[in-house]
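> What follows is the file model_34.cif, containing mmCIF, C-alpha atoms and all ligand atoms:
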```
data_entry
loop_
_atom_site.label_atom_id
_atom_site.label_comp_id
_atom_site.auth_asym_id
_atom_site.auth_seq_id
_atom_site.Cartn_x
_atom_site.Cartn_y
_atom_site.Cartn_z
CA MET A 1242 -130.05 4.67 41.48
CA LYS A 1243 -133.18 6.04 43.14
CA ALA A 1244 -133.12 6.24 46.96
CA LYS A 1245 -136.40 4.31 46.99
CA ASP A 1246 -134.77 1.37 45.22
CA LEU A 1247 -132.04 1.17 47.85
CA LEU A 1248 -134.62 0.84 50.61
CA GLU A 1249 -136.96 -1.48 48.76
CA GLU A 1250 -136.54 -5.24 49.04
CA TYR A 1251 -137.51 -7.16 45.91
CA LEU A 1252 -136.64 -10.57 47.33
CA VAL A 1253 -138.50 -11.24 50.56
CA SER A 1254 -138.38 -14.03 53.14
CA GLY A 1255 -139.97 -17.38 52.46
CA HIS A 1256 -137.67 -18.38 49.62
CA GLY A 1257 -136.67 -22.00 49.19
CA ALA A 1258 -132.87 -21.71 49.37
CA CYS A 1259 -130.73 -24.01 51.54
CA PRO A 1260 -129.09 -22.39 54.62
CA GLY A 1261 -125.94 -20.55 53.54
CA CYS A 1262 -126.87 -20.48 49.85
CA ALA A 1263 -125.33 -17.45 48.15
CA MET A 1264 -128.11 -17.04 45.64
CA PRO A 1265 -130.62 -15.08 47.73
CA VAL A 1266 -127.82 -12.57 48.45
CA ILE A 1267 -126.88 -12.41 44.77
CA THR A 1268 -130.52 -11.94 43.71
CA ARG A 1269 -131.22 -9.38 46.43
CA ASN A 1270 -128.10 -7.31 45.66
CA SER A 1271 -128.74 -7.37 41.93
CA LEU A 1272 -132.34 -6.30 42.30
CA HIS A 1273 -131.36 -3.47 44.68
CA ALA A 1274 -129.19 -2.09 41.91
CA ALA A 1275 -131.46 -2.95 38.98
CA GLY A 1276 -134.57 -1.49 40.69
CA GLN A 1277 -138.31 -2.09 40.46
CA ASN A 1278 -138.58 -1.55 36.73
CA THR A 1279 -136.89 -4.86 35.88
CA ILE A 1280 -137.97 -8.14 34.31
CA THR A 1281 -135.88 -11.13 35.36
CA VAL A 1282 -135.38 -14.27 33.29
CA ILE A 1283 -134.47 -17.53 35.01
CA THR A 1284 -133.94 -21.12 33.89
CA ALA A 1285 -134.25 -24.58 35.39
CA SER A 1286 -131.76 -24.36 38.27
CA CYS A 1287 -131.61 -23.99 42.03
CA LEU A 1288 -132.69 -20.38 41.49
CA GLY A 1289 -135.78 -21.65 39.71
CA THR A 1290 -136.76 -23.75 42.70
CA ILE A 1291 -135.96 -20.89 45.09
CA LEU A 1292 -138.12 -18.35 43.27
CA CYS A 1293 -140.85 -20.45 41.69
CA THR A 1294 -142.47 -22.23 44.62
CA PHE A 1295 -145.91 -22.18 42.99
CA PRO A 1296 -148.40 -20.79 44.00
CA PHE A 1297 -146.14 -18.53 46.08
CA SER A 1298 -143.07 -16.55 45.09
CA PRO A 1299 -140.62 -14.52 47.20
CA ILE A 1300 -139.68 -12.22 44.29
CA LYS A 1301 -141.59 -8.97 43.78
CA ILE A 1302 -140.29 -8.49 40.22
CA THR A 1303 -141.89 -9.87 37.07
CA THR A 1304 -140.02 -13.11 36.40
CA TYR A 1305 -140.03 -15.25 33.28
CA ALA A 1306 -138.99 -18.88 33.69
CA THR A 1307 -137.63 -20.36 30.47
CA PRO A 1308 -136.18 -23.78 29.53
CA PHE A 1309 -132.62 -24.54 30.45
CA ALA A 1310 -130.93 -23.63 27.17
CA SER A 1311 -132.78 -20.46 26.32
CA ALA A 1312 -132.19 -17.75 28.95
CA ALA A 1313 -130.37 -15.40 26.59
CA ALA A 1314 -132.83 -16.04 23.72
CA ALA A 1315 -135.79 -15.35 26.03
CA ALA A 1316 -134.15 -12.16 27.34
CA SER A 1317 -133.51 -11.01 23.76
CA GLY A 1318 -137.17 -11.64 22.93
CA ILE A 1319 -138.46 -9.78 25.97
CA LYS A 1320 -136.23 -6.82 25.17
CA ALA A 1321 -137.44 -6.81 21.54
CA ALA A 1322 -141.07 -6.86 22.73
CA LEU A 1323 -140.43 -3.95 25.09
CA ASP A 1324 -138.84 -2.01 22.21
CA MET A 1325 -141.92 -2.66 20.08
CA GLN A 1326 -143.99 -1.11 22.87
CA GLY A 1327 -141.71 1.92 22.96
CA ASN A 1328 -140.54 0.95 26.44
CA THR A 1329 -136.84 1.77 26.75
CA GLN A 1330 -136.84 2.07 30.53
CA THR A 1331 -137.37 -1.51 31.71
CA THR A 1332 -134.19 -3.44 32.51
CA VAL A 1333 -134.07 -7.06 31.39
CA LEU A 1334 -131.94 -9.18 33.73
CA ALA A 1335 -131.24 -12.87 33.07
CA ILE A 1336 -129.95 -14.70 36.17
CA VAL A 1337 -128.51 -18.06 35.15
CA GLY A 1338 -126.38 -20.82 36.71
CA ASP A 1339 -123.08 -22.12 35.40
CA GLY A 1340 -124.73 -25.13 33.73
CA GLY A 1341 -127.18 -22.82 31.96
CA THR A 1342 -124.34 -20.50 30.93
CA PHE A 1343 -121.08 -22.40 30.36
CA ASP A 1344 -122.77 -25.49 28.90
CA ILE A 1345 -126.33 -25.78 27.63
CA GLY A 1346 -127.06 -22.05 27.20
CA LEU A 1347 -123.74 -21.09 25.61
CA GLN A 1348 -124.96 -20.78 22.03
CA ALA A 1349 -127.91 -18.56 23.02
CA LEU A 1350 -125.53 -16.47 25.13
CA SER A 1351 -123.05 -16.16 22.25
CA ALA A 1352 -125.81 -15.25 19.79
CA ALA A 1353 -127.20 -12.50 22.04
CA ALA A 1354 -123.68 -11.18 22.70
CA GLU A 1355 -122.88 -11.16 18.99
CA ARG A 1356 -126.10 -9.23 18.24
CA ASN A 1357 -125.21 -6.92 21.14
CA ASP A 1358 -128.75 -7.27 22.48
CA ASP A 1359 -129.52 -4.79 25.21
CA PHE A 1360 -129.89 -6.74 28.48
CA ILE A 1361 -127.88 -7.85 31.50
CA TYR A 1362 -126.82 -11.49 31.70
CA LEU A 1363 -125.86 -12.38 35.28
CA CYS A 1364 -124.21 -15.78 35.67
CA TYR A 1365 -124.05 -17.16 39.20
CA ASP A 1366 -121.44 -19.89 39.30
CA ASN A 1367 -121.80 -22.57 41.98
CA GLU A 1368 -119.45 -24.70 39.89
CA ALA A 1369 -121.77 -27.69 39.26
CA TYR A 1370 -125.30 -28.75 38.36
CA MET A 1371 -126.49 -28.33 41.93
CA ASN A 1372 -130.24 -28.58 41.50
CA THR A 1373 -130.06 -32.09 40.06
CA GLY A 1374 -127.55 -33.43 42.61
CA ILE A 1375 -124.06 -31.90 42.25
CA GLN A 1376 -123.00 -33.16 38.79
CA ARG A 1377 -119.85 -31.65 37.28
CA SER A 1378 -120.18 -28.85 34.73
CA SER A 1379 -117.51 -27.20 32.60
CA ALA A 1380 -117.31 -24.61 35.41
CA THR A 1381 -116.28 -27.22 38.00
CA PRO A 1382 -112.65 -26.59 39.00
CA TRP A 1383 -109.83 -29.06 38.44
CA GLY A 1384 -109.48 -31.52 41.33
CA ALA A 1385 -113.01 -31.07 42.71
CA TRP A 1386 -115.27 -33.87 43.86
CA THR A 1387 -118.81 -34.01 42.47
CA THR A 1388 -121.21 -36.95 42.19
CA THR A 1389 -120.00 -37.51 38.61
CA THR A 1390 -116.32 -36.93 39.50
CA PRO A 1391 -115.95 -39.29 42.50
CA PRO A 1392 -112.70 -39.58 44.52
CA ALA A 1393 -111.16 -42.12 42.12
CA ASN A 1394 -111.93 -39.86 39.15
CA LEU A 1395 -111.81 -36.22 40.29
CA LYS A 1396 -112.41 -33.45 37.74
CA SER A 1397 -109.35 -33.60 35.52
CA GLN A 1398 -110.10 -30.70 33.17
CA PRO A 1399 -109.59 -27.02 34.01
CA LYS A 1400 -112.53 -24.69 34.48
CA LYS A 1401 -113.78 -23.07 31.28
CA ASP A 1402 -112.81 -19.38 31.08
CA ILE A 1403 -116.23 -17.84 30.50
CA MET A 1404 -115.02 -14.24 30.89
CA GLU A 1405 -112.58 -14.67 28.01
CA ILE A 1406 -115.29 -16.28 25.87
CA VAL A 1407 -117.67 -13.39 26.49
CA ALA A 1408 -114.93 -10.75 26.13
CA ALA A 1409 -114.04 -12.25 22.73
CA HIS A 1410 -117.48 -11.05 21.53
CA ARG A 1411 -116.27 -7.47 22.25
CA VAL A 1412 -119.41 -6.70 24.26
CA PRO A 1413 -119.61 -3.22 25.81
CA TYR A 1414 -119.33 -4.37 29.41
CA ALA A 1415 -118.37 -7.51 31.31
CA ALA A 1416 -117.39 -7.76 34.97
CA THR A 1417 -116.77 -10.25 37.74
CA ALA A 1418 -118.49 -9.53 41.05
CA SER A 1419 -118.57 -11.00 44.56
CA ILE A 1420 -121.12 -11.04 47.36
CA ALA A 1421 -118.21 -10.40 49.75
CA TYR A 1422 -117.84 -6.95 48.12
CA PRO A 1423 -121.48 -5.82 47.95
CA GLU A 1424 -120.83 -2.17 47.07
CA ASP A 1425 -118.63 -3.20 44.16
CA PHE A 1426 -121.28 -5.76 43.17
CA GLU A 1427 -124.11 -3.21 43.10
CA ARG A 1428 -121.95 -0.62 41.34
CA LYS A 1429 -121.30 -3.11 38.54
CA ILE A 1430 -124.99 -3.97 38.14
CA GLN A 1431 -125.75 -0.25 38.13
CA ARG A 1432 -123.09 0.38 35.49
CA ALA A 1433 -124.45 -2.49 33.40
CA LYS A 1434 -127.92 -1.01 33.69
CA GLU A 1435 -126.68 2.34 32.38
CA THR A 1436 -124.71 0.81 29.48
CA ARG A 1437 -126.49 0.11 26.17
CA GLY A 1438 -125.97 -3.30 24.56
CA PHE A 1439 -125.01 -6.68 25.95
CA LYS A 1440 -123.71 -6.77 29.53
CA PHE A 1441 -122.29 -9.78 31.34
CA ILE A 1442 -121.84 -9.99 35.12
CA TYR A 1443 -120.16 -13.10 36.44
CA THR A 1444 -120.32 -13.97 40.13
CA LEU A 1445 -119.19 -16.87 42.29
CA SER A 1446 -121.99 -18.55 44.27
CA PRO A 1447 -120.54 -20.65 47.12
CA CYS A 1448 -122.79 -23.66 47.78
CA PRO A 1449 -122.51 -25.30 51.25
CA VAL A 1450 -124.23 -28.49 50.07
CA GLY A 1451 -122.26 -29.05 46.87
CA TRP A 1452 -118.92 -27.69 48.07
CA ARG A 1453 -119.24 -29.42 51.45
CA PHE A 1454 -118.61 -26.54 53.89
CA PRO A 1455 -120.49 -25.26 56.99
CA SER A 1456 -123.25 -22.86 55.97
CA GLU A 1457 -121.88 -19.93 58.01
CA LEU A 1458 -118.73 -19.75 55.82
CA THR A 1459 -120.41 -18.60 52.58
CA ILE A 1460 -119.33 -14.95 52.63
CA ARG A 1461 -115.89 -15.81 54.04
CA LEU A 1462 -115.25 -18.25 51.19
CA ALA A 1463 -116.50 -15.71 48.63
CA ARG A 1464 -113.97 -13.22 50.08
CA LEU A 1465 -111.16 -15.80 50.18
CA ALA A 1466 -111.80 -16.63 46.53
CA VAL A 1467 -111.02 -13.00 45.69
CA GLN A 1468 -108.12 -12.60 48.11
CA THR A 1469 -106.39 -15.79 46.97
CA LYS A 1470 -106.69 -14.67 43.30
CA ALA A 1471 -108.85 -17.70 42.54
CA PHE A 1472 -111.71 -15.35 41.56
CA PRO A 1473 -110.26 -11.92 40.66
CA LEU A 1474 -112.60 -8.94 40.54
CA TYR A 1475 -112.30 -6.88 37.36
CA GLU A 1476 -114.19 -5.17 34.55
CA VAL A 1477 -113.74 -5.48 30.78
CA GLU A 1478 -114.84 -2.63 28.52
CA ASN A 1479 -115.54 -3.46 24.87
CA GLY A 1480 -113.76 -6.79 25.30
CA GLU A 1481 -110.42 -4.98 25.41
CA ARG A 1482 -109.88 -2.67 28.34
CA TYR A 1483 -109.36 -4.65 31.55
CA ILE A 1484 -109.67 -2.82 34.90
CA LEU A 1485 -108.87 -4.44 38.25
CA SER A 1486 -111.53 -3.73 40.91
CA VAL A 1487 -109.91 -5.15 44.05
CA GLU A 1488 -106.21 -5.74 44.74
CA PRO A 1489 -105.99 -9.24 46.26
CA GLU A 1490 -103.95 -9.92 49.37
CA ALA A 1491 -102.23 -12.93 47.77
CA ILE A 1492 -103.22 -15.43 50.45
CA PRO A 1493 -102.35 -19.06 49.50
CA VAL A 1494 -105.19 -20.72 47.60
CA SER A 1495 -105.18 -23.57 50.14
CA GLU A 1496 -106.86 -21.20 52.64
CA TYR A 1497 -109.81 -21.03 50.26
CA LEU A 1498 -109.87 -24.72 49.30
CA ARG A 1499 -109.21 -26.46 52.66
CA PRO A 1500 -112.59 -25.59 54.29
CA GLN A 1501 -114.33 -27.20 51.30
CA GLY A 1502 -114.91 -30.95 51.57
CA ARG A 1503 -115.07 -31.27 47.76
CA PHE A 1504 -111.27 -30.76 47.72
CA ALA A 1505 -110.64 -33.36 50.46
CA PHE A 1506 -109.47 -35.95 47.92
CA LEU A 1507 -106.58 -33.96 46.43
CA ARG A 1508 -103.38 -36.01 46.18
CA GLU A 1509 -99.86 -35.04 47.09
CA GLY A 1510 -98.68 -32.15 44.96
CA ASP A 1511 -102.17 -31.21 43.76
CA MET A 1512 -102.43 -28.11 45.98
CA GLU A 1513 -99.10 -26.84 44.59
CA ARG A 1514 -100.35 -27.50 41.07
CA ILE A 1515 -103.54 -25.51 41.76
CA GLN A 1516 -101.48 -22.67 43.26
CA GLU A 1517 -99.27 -22.58 40.16
CA ASN A 1518 -102.33 -22.44 37.94
CA VAL A 1519 -103.77 -19.56 39.98
CA GLU A 1520 -100.50 -17.64 39.56
CA ARG A 1521 -100.36 -18.36 35.82
CA GLU A 1522 -103.95 -17.19 35.31
CA TRP A 1523 -103.31 -14.10 37.42
CA GLU A 1524 -100.26 -13.16 35.36
CA ARG A 1525 -102.25 -13.65 32.17
CA LEU A 1526 -104.94 -11.32 33.53
CA MET A 1527 -102.31 -8.76 34.51
CA ARG A 1528 -100.90 -8.83 30.98
CA ARG A 1529 -104.41 -8.04 29.70
CA MET A 1530 -104.58 -5.08 32.11
CA GLU A 1531 -101.20 -3.76 30.94
CA ALA A 1532 -101.90 -4.32 27.25
CA TYR A 1533 -104.33 -1.46 26.90
C1 LIG A 1601 -132.99 -29.57 28.81
C2 LIG A 1601 -132.87 -29.89 30.25
N1 LIG A 1601 -131.92 -30.76 30.65
C3 LIG A 1601 -131.78 -31.05 31.97
C4 LIG A 1601 -132.60 -30.50 32.90
C5 LIG A 1601 -132.47 -30.88 34.33
N2 LIG A 1601 -131.93 -29.82 35.15
C6 LIG A 1601 -132.72 -28.98 35.87
S1 LIG A 1601 -131.85 -27.90 36.81
C7 LIG A 1601 -130.38 -28.55 36.27
C8 LIG A 1601 -129.07 -28.05 36.82
C9 LIG A 1601 -128.81 -26.61 36.52
O1 LIG A 1601 -127.48 -26.29 36.75
P1 LIG A 1601 -127.02 -24.80 36.83
O2 LIG A 1601 -127.44 -24.05 35.63
O3 LIG A 1601 -125.56 -24.78 37.15
O4 LIG A 1601 -127.87 -24.22 38.07
P2 LIG A 1601 -127.83 -24.73 39.61
O5 LIG A 1601 -128.83 -25.82 39.74
O6 LIG A 1601 -126.44 -25.17 39.91
O7 LIG A 1601 -128.24 -23.53 40.41
C10 LIG A 1601 -130.59 -29.61 35.36
C11 LIG A 1601 -129.53 -30.40 34.74
C12 LIG A 1601 -133.59 -29.59 32.44
N3 LIG A 1601 -134.42 -28.97 33.29
N4 LIG A 1601 -133.73 -29.31 31.12
MG MG A 1602 -124.63 -24.55 38.98
#
```
Write the structure described by the file as structure tokens, please.
Ligand SMILES: Cc1ncc(C[n+]2csc(CCOP(=O)(O)OP(=O)(O)O)c2C)c(N)n1
Ligand SMILES: [Mg+2]


Amino acid sequence: MKAKDLLEEYLVSGHGACPGCAMPVITRNSLHAAGQNTITVITASCLGTILCTFPFSPIKITTYATPFASAAAAASGIKAALDMQGNTQTTVLAIVGDGGTFDIGLQALSAAAERNDDFIYLCYDNEAYMNTGIQRSSATPWGAWTTTTPPANLKSQPKKDIMEIVAAHRVPYAATASIAYPEDFERKIQRAKETRGFKFIYTLSPCPVGWRFPSELTIRLARLAVQTKAFPLYEVENGERYILSVEPEAIPVSEYLRPQGRFAFLREGDMERIQENVEREWERLMRRMEAY
């Protein structure tokens, strides 16, 4: 990373994010690590409304806004066009929400991963379709309230395991990252930038509006997600070699969930059930780490 890039801000004030939104931090950190010579690709999402406040924009990087389903296809196309120009230096960085990744954009993501196209796909997961009014996505966790999973009918399916889906494509590099661990976050973007082929970075994006928590708790909740093992930080090389980035402190998951109003409707025994699921998933991840 050039020293200049560390000092330079590519996302400036005047963006349209809600107070406490994690996305400006995610975008800023990623662009610090990716540097000036980057083209970003975004879809219809909260990020789209934050960055594309026509005729103004708070992002100083060339940004291509594409329809909801096509982030990965657009990034593949931009990379192919750069190759045709003999430009191997520009980084292509798609920044896409959970709806645009887990659901509507999944086939384009899978196709680009299968072709091993050379760009970084960064998924920020706020665990619902936030921009259109907090509808559930396949990234919404079990037991969460959203406007389409009201208290009488809370989300009753588990969250889709996007890291396993991407890893199954045996892509060169995939990693989870957190805004509560910014050095680890930027290191992973930097590593993705230096790796040829398809790279996937997956980050949690706490949303005060959709998750129903006070806006000053964003970073604390991002950290608690890691420390409670709800969102482990790790890397996957070639879809096979799993490496843990941060050893969690094994705090009960309730510490992470209780400040969030979207979990206020859990019934008796639900918290224990969520804790058991966290432990089961953690053990499965540990087996992956040991297997290599
Ligand atoms: C094909 C299509 N369907 C639906 C929409 C409406 N829409 C715009 S943003 C959005 C939600 C995006 O969710 P996500 O990708 O999770 O990003 P977030 O808004 O949560 O940041 C939806 C459904 C659209 N723009 N295009
Ligand atoms: Mg979302």

> Between chain A and ligand LIG 1601 (chain A), at 6 Å or less, what are the per-residue closest atom pairs and their distances in Å? Count all atoms listed in the file, order by chain and rising residue number, and return it as JSON lines.


```
{"residue": "A:Ala1285", "atom": "CA", "partner": "A:LIG1601", "partner_atom": "S1", "distance": 4.3}
{"residue": "A:Ser1286", "atom": "CA", "partner": "A:LIG1601", "partner_atom": "O5", "distance": 3.6}
{"residue": "A:Cys1287", "atom": "CA", "partner": "A:LIG1601", "partner_atom": "O7", "distance": 3.8}
{"residue": "A:Leu1288", "atom": "CA", "partner": "A:LIG1601", "partner_atom": "O7", "distance": 5.6}
{"residue": "A:Phe1309", "atom": "CA", "partner": "A:LIG1601", "partner_atom": "N4", "distance": 4.9}
{"residue": "A:Gly1338", "atom": "CA", "partner": "A:LIG1601", "partner_atom": "O2", "distance": 3.6}
{"residue": "A:Asp1339", "atom": "CA", "partner": "A:LIG1601", "partner_atom": "O3", "distance": 4.0}
{"residue": "A:Gly1340", "atom": "CA", "partner": "A:LIG1601", "partner_atom": "O2", "distance": 3.5}
{"residue": "A:Gly1341", "atom": "CA", "partner": "A:LIG1601", "partner_atom": "O2", "distance": 3.9}
{"residue": "A:Asn1367", "atom": "CA", "partner": "A:LIG1601", "partner_atom": "O6", "distance": 5.7}
{"residue": "A:Ala1369", "atom": "CA", "partner": "A:LIG1601", "partner_atom": "O3", "distance": 5.2}
{"residue": "A:Tyr1370", "atom": "CA", "partner": "A:LIG1601", "partner_atom": "O1", "distance": 3.7}
{"residue": "A:Met1371", "atom": "CA", "partner": "A:LIG1601", "partner_atom": "O6", "distance": 3.8}
{"residue": "A:Asn1372", "atom": "CA", "partner": "A:LIG1601", "partner_atom": "O5", "distance": 3.6}
{"residue": "A:Thr1373", "atom": "CA", "partner": "A:LIG1601", "partner_atom": "C7", "distance": 5.2}
```

> Can you pull out every residue within 12 Å of segment 1483-1490 of chain A, counting all atoms listed in the file, but drop anything in the same chain fewer than 3 positions away, and send it as a ChimeraX atom specification?

/A:1404-1405,1408,1411,1413-1419,1421-1422,1424-1426,1428-1429,1464-1480,1493-1494,1523,1525-1533

> From the list A:Thr1459, A:Ser1254, A:Gln1431, A:Thr1307, which residue is nearest Asn1270 of chain A when using only C-alpha atoms?

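Answer, going by the shortest atom-to-atom distance: A:Gln1431.
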
> Go through A:Leu1347, A:Ala1316, A:Val1266, A:Ala1409 one by one, measure the shortest atom-to-atom distance of each to Pro1423 of chain A using only C-alpha atoms, and give the residue with the smallest value.

A:Val1266

> What is the atom CA of Thr1390 of chain A-atom CA of Tyr1443 of chain A distance in Å, reported with one decimal?

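Straight-line distance from atom CA of Thr1390 of chain A to atom CA of Tyr1443 of chain A works out to 24.3 Å.
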
> Could you jot down the atom CA of Ser1495 of chain A to atom CA of Gln1376 of chain A separation for me, Å, one decimal place?

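Atom-to-atom, atom CA of Ser1495 of chain A to atom CA of Gln1376 of chain A, that is 23.2 Å.
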
> Please, what distance in Å, to one decimal, runs between atom CA of Tyr1251 of chain A and atom CA of Phe1343 of chain A?

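Distance between the two atoms: 27.3 Å.
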
> Taking (-133.7, -2.4, 37.0) as a centre in this file's frame and 8 Å as the limit, can you find every polymer residue with an atom that close, using only C-alpha atoms, and give them as a VMD selection string?

chain A and resid 1272 1274 to 1280 1331 to 1334 1434

> Restricting it to C-alpha atoms, dump the selection as a short mmCIF file (atom, residue, chain, number, x, y, z; two decimals), in the frame of the given file.


```
data_model
loop_
_atom_site.label_atom_id
_atom_site.label_comp_id
_atom_site.auth_asym_id
_atom_site.auth_seq_id
_atom_site.Cartn_x
_atom_site.Cartn_y
_atom_site.Cartn_z
CA LEU A 1272 -132.34 -6.30 42.30
CA ALA A 1274 -129.19 -2.09 41.91
CA ALA A 1275 -131.46 -2.95 38.98
CA GLY A 1276 -134.57 -1.49 40.69
CA GLN A 1277 -138.31 -2.09 40.46
CA ASN A 1278 -138.58 -1.55 36.73
CA THR A 1279 -136.89 -4.86 35.88
CA ILE A 1280 -137.97 -8.14 34.31
CA THR A 1331 -137.37 -1.51 31.71
CA THR A 1332 -134.19 -3.44 32.51
CA VAL A 1333 -134.07 -7.06 31.39
CA LEU A 1334 -131.94 -9.18 33.73
CA LYS A 1434 -127.92 -1.01 33.69
#
```

> Choose the residue, out of A:Lys1320, A:Arg1269, A:Ile1361, A:Cys1262, that has the smallest atom-to-atom separation from Glu1427 of chain A; count only C-alpha atoms.

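Result for the nearest residue to Glu1427 of chain A: A:Arg1269.
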
> Using only C-alpha atoms, which of the listed residues (A:Ile1420, A:Gln1516, A:Gly1374, A:Gly1510) sits closest to Ile1492 of chain A?

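Between A:Ile1420, A:Gln1516, A:Gly1374, A:Gly1510, the residue approaching Ile1492 of chain A most closely is A:Gln1516.
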
> Could you check which of A:Asp1324, A:Glu1368, A:Glu1250, A:Glu1355 is closest to ligand MG 1602 (chain A), using only C-alpha atoms and all ligand atoms?

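Nearest to ligand MG 1602 (chain A): A:Glu1368.
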
> Kindly compute an axis-aligned box around the listed atoms of segment 1408-1423 of chain A, allowing 6 Å on each side, and express its centre and edge lengths in Å to one decimal as JSON.


```
{"center_x": -117.8, "center_y": -7.7, "center_z": 35.6, "size_x": 19.4, "size_y": 21.0, "size_z": 40.2}
```

> Can you work out which one of A:Ala1380, A:Ala1354, A:Val1450, A:Leu1323 has the shortest atom-to-atom distance to ligand MG 1602 (chain A), counting only C-alpha atoms and all ligand atoms?

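So, comparing all the options, the nearest one is A:Ala1380.
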
> Neighbours of Trp1383 of chain A within 6 Å (only C-alpha atoms; same-chain residues fewer than 3 positions away dropped), as a list in words?

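Once the nearby chain positions are removed, what remains is Lys1396, Ser1397, Gln1398 and Pro1399 of chain A.
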
> For Arg1356 of chain A, work out the shell of residues within 12 Å, counting all atoms listed in the file and skipping chain neighbours fewer than 6 positions away, then give it as a PyMOL selection string.

chain A and resi 1313-1314+1317+1349-1350+1410-1413+1438-1440

> Within 12 Å of (-140.0, -24.3, 44.5), in the coordinates the file gives, what residues turn up when you count only C-alpha atoms, written out as a list of chain:residue names?

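Counting only C-alpha atoms, I find these residues within 12 Å of (-140.0, -24.3, 44.5): A:Gly1255, A:His1256, A:Gly1257, A:Ala1258, A:Cys1259, A:Ala1285, A:Ser1286, A:Cys1287, A:Leu1288, A:Gly1289, A:Thr1290, A:Ile1291, A:Leu1292, A:Cys1293, A:Thr1294, A:Phe1295, A:Pro1296, A:Phe1297, A:Ser1298, A:Pro1299, A:Asn1372.
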
> Residues within 9 Å of Trp1452 of chain A, please, as a list in words. Count all atoms listed in the file; anything in the same chain fewer than 6 positions from it doesn't count.

Asn1367, Glu1368, Ile1375, Ala1385, Trp1386, Thr1387, Gln1501, Gly1502, Arg1503 and Phe1504 of chain A
